[in-house]
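Heads up: the structure comes next, in structure tokens.
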Amino acid sequence: MTPHIVLLRHGHSLANERRLIASRPENAADAYGLTLLGREQVRTSIGRAISQGSLARPVHLVCSPLLRARESAEVAGERLGVDPAMDARLTERDFGELELGSDDLYHQVWAEDRRDPTHRRWGVESVAQILERTGALLQALALEAYAGTVVLCTHGDVASTLLCAAQGAPLEMHREVGALRTGTWMNLPSVQAVLEARRGCSSWGE
């Protein structure tokens with residue numbers, strides 16, 4: 001059984017407020033948590049999903065280990081009556097040498113992504129690498145044969161990569177196809193499409 005997957009981007013965080021790139025556990029596992037706005041975004045977003053009947057029970061909640069995602073999952077879990085689990089495969093994209101720099105630098109990375117989703121310029125994690133680790137998580141969830149809904153609380157480029165692959169779009173277009181605002185959620189259209197895209201990416205290195 002393939003589970004129903006919902007992607008939830010963490011709410012507005014102190015890193016967003018300060019316009020900083022904080023992608024690594026040593027910097028963001030215990031810092032740059034949610035702002036009051038971020039908590040309200042998640043609370044409102046999950047409430048809307050519940051009222052729309054978008055979260056079939058039982059609901060399983062899995063989050064990135066970074067503080068902003070853990071706190072978002074805790075807020076969501078309070079609304080859903082479930083305790084979140086952590087999985088490092090949902091952590092933020094590693095932005096390499098750009099860590100703790102201005103978030104204006106994201107645009108330089110995304111410009112390179114549009115040319116080559118396998119690029120590692122500035123030591124950043126490539127889009128293809130994001131797909132590899134998140135696809136491995138989806139494969140594991142499929143093998144577990146969860147009933148109901150699995151909510152994955154993660155970060156911007158992780159969510160956009162998954163949504164892009166799930167729609168069969170080129171990974172170069174992940175920001176155009178799959179960008180989520182903070183605190184918002186979206187159904188993952190196709191787990192199978194993500195797994196197929198992952199297999200295709202694996203062949204690039206052969």
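Letters A, B, ... go to the chains of the structure tokens in the order shown; residues in each chain start at 1; ligands are counted from 1 in the same order.
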Spatial neighbours of segment 121-128 of chain A, max dist 7 Å, only C-alpha atoms, sep filter under 2 positions, as a list in words: Arg93, Asp94, Phe95, Gly96, Glu97, Leu98, Pro117, Thr118, His119, Ile130, Leu131, Glu132, Thr161 and Cys201 of chain A
Using only C-alpha atoms, which protein or nucleic acid residues come within 12 Å of Leu8 of chain A? Drop anything in the same chain fewer than 3 positions from it, and give the result as an mmCIF file with C-alpha atoms, in the first residue's frame.
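See part.cif below for the written result:
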```
data_model
loop_
_atom_site.group_PDB
_atom_site.id
_atom_site.type_symbol
_atom_site.label_atom_id
_atom_site.label_comp_id
_atom_site.auth_asym_id
_atom_site.auth_seq_id
_atom_site.Cartn_x
_atom_site.Cartn_y
_atom_site.Cartn_z
ATOM 1 C CA ILE A 5 1.718 11.813 1.761
ATOM 2 C CA GLY A 11 6.413 27.887 9.766
ATOM 3 C CA GLN A 41 0.812 29.719 10.316
ATOM 4 C CA VAL A 42 1.155 26.032 11.132
ATOM 5 C CA ARG A 43 -1.789 26.008 13.528
ATOM 6 C CA SER A 45 -2.795 25.545 8.061
ATOM 7 C CA ILE A 46 -3.309 22.239 9.833
ATOM 8 C CA ALA A 49 -6.456 20.691 6.350
ATOM 9 C CA LEU A 55 -5.801 14.279 6.564
ATOM 10 C CA LEU A 61 3.816 12.789 11.548
ATOM 11 C CA VAL A 62 7.509 12.790 10.616
ATOM 12 C CA CYS A 63 9.777 15.839 10.732
ATOM 13 C CA SER A 64 13.245 17.135 10.012
ATOM 14 C CA ARG A 68 12.049 25.024 13.194
ATOM 15 C CA ALA A 69 10.694 21.802 11.718
ATOM 16 C CA ARG A 70 10.478 20.048 15.103
ATOM 17 C CA SER A 72 6.255 23.031 13.529
ATOM 18 C CA ALA A 73 5.613 19.316 13.925
ATOM 19 C CA VAL A 75 2.261 22.460 16.774
ATOM 20 C CA ALA A 76 0.764 20.213 14.095
ATOM 21 C CA LEU A 90 13.856 15.460 5.800
ATOM 22 C CA VAL A 150 1.795 10.545 6.576
ATOM 23 C CA VAL A 151 2.606 14.231 7.112
ATOM 24 C CA LEU A 152 6.233 15.099 6.353
ATOM 25 C CA CYS A 153 7.331 18.367 7.967
ATOM 26 C CA THR A 154 10.349 19.661 6.111
ATOM 27 C CA HIS A 155 12.009 22.639 4.410
ATOM 28 C CA GLY A 156 11.585 24.698 1.263
ATOM 29 C CA VAL A 158 13.236 19.590 0.079
ATOM 30 C CA ALA A 159 9.495 20.088 -0.429
ATOM 31 C CA SER A 160 9.942 21.715 -3.842
ATOM 32 C CA LEU A 162 9.608 16.242 -3.998
ATOM 33 C CA LEU A 163 6.669 18.131 -5.486
ATOM 34 C CA ALA A 179 7.806 26.161 -3.932
ATOM 35 C CA LEU A 180 5.726 26.295 -0.725
ATOM 36 C CA ARG A 181 5.278 29.306 1.525
ATOM 37 C CA THR A 182 6.188 28.893 5.181
ATOM 38 C CA GLY A 183 3.607 27.018 7.200
ATOM 39 C CA THR A 184 1.688 25.705 4.195
ATOM 40 C CA TRP A 185 1.000 22.133 3.087
ATOM 41 C CA MET A 186 0.334 20.274 -0.134
ATOM 42 C CA ASN A 187 -0.596 16.726 -1.057
ATOM 43 C CA LEU A 188 2.192 14.813 -2.794
#
```
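Compared by their closest atoms to Glu92 of chain A, and using only C-alpha atoms, the residues A:Pro25, A:Gly135, A:Pro58, A:Gly77 rank with A:Pro25 nearest.
Once Val59 of chain A and its same-chain neighbours fewer than 5 positions away are set aside, A:Leu80, A:Gly81, A:Val82, A:Ala147, A:Gly148, A:Thr149, A:Val150, A:Val151 remain within 9 Å of it when counting only C-alpha atoms.
The spacing separating atom CA of Ala169 of chain A from atom CA of Asp116 of chain A amounts to 14.0 Å.
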Residues of segment 47-192 of chain A in strand (DSSP E or B), written as a PyMOL selection string: chain A and resi 59-63+85-86+102+149-154+185-187
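From atom CA of Ser190 of chain A back to atom CA of His174 of chain A, the distance works out to 15.4 Å.
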Distance query Asp103 of chain A at most 9 Å, only C-alpha atoms, self and fewer than 4 positions along chain excluded, as a ChimeraX atom specification: /A:15-16,18-21,98,107
Keeping C-alpha atoms for every residue in the selection just given, could you write it to a file as a compact mmCIF listing (two decimals), in the first residue's frame?
```txt
# COMPACT_ATOMS: atom_id res chain seq x y z
CA ALA A 15 16.20 32.35 10.30
CA ASN A 16 13.52 33.69 7.95
CA ARG A 18 16.86 37.43 10.15
CA ARG A 19 17.19 36.49 6.48
CA LEU A 20 19.88 33.92 7.21
CA ILE A 21 20.70 30.58 5.62
CA LEU A 98 26.79 29.79 1.97
CA HIS A 107 18.76 32.89 -5.78
```
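Separating atom CA of Trp110 of chain A from atom CA of Thr91 of chain A is a distance of 18.1 Å.
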Residue set, segment 101-169 of chain A restricted to alpha helix (DSSP H), as a PyMOL selection string: chain A and resi 106-115+127-144+156-166
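Closest approach to Ala56 of chain A among A:Ala140, A:Arg133, A:His4, A:Gln192 is made by A:His4 (distances from only C-alpha atoms).
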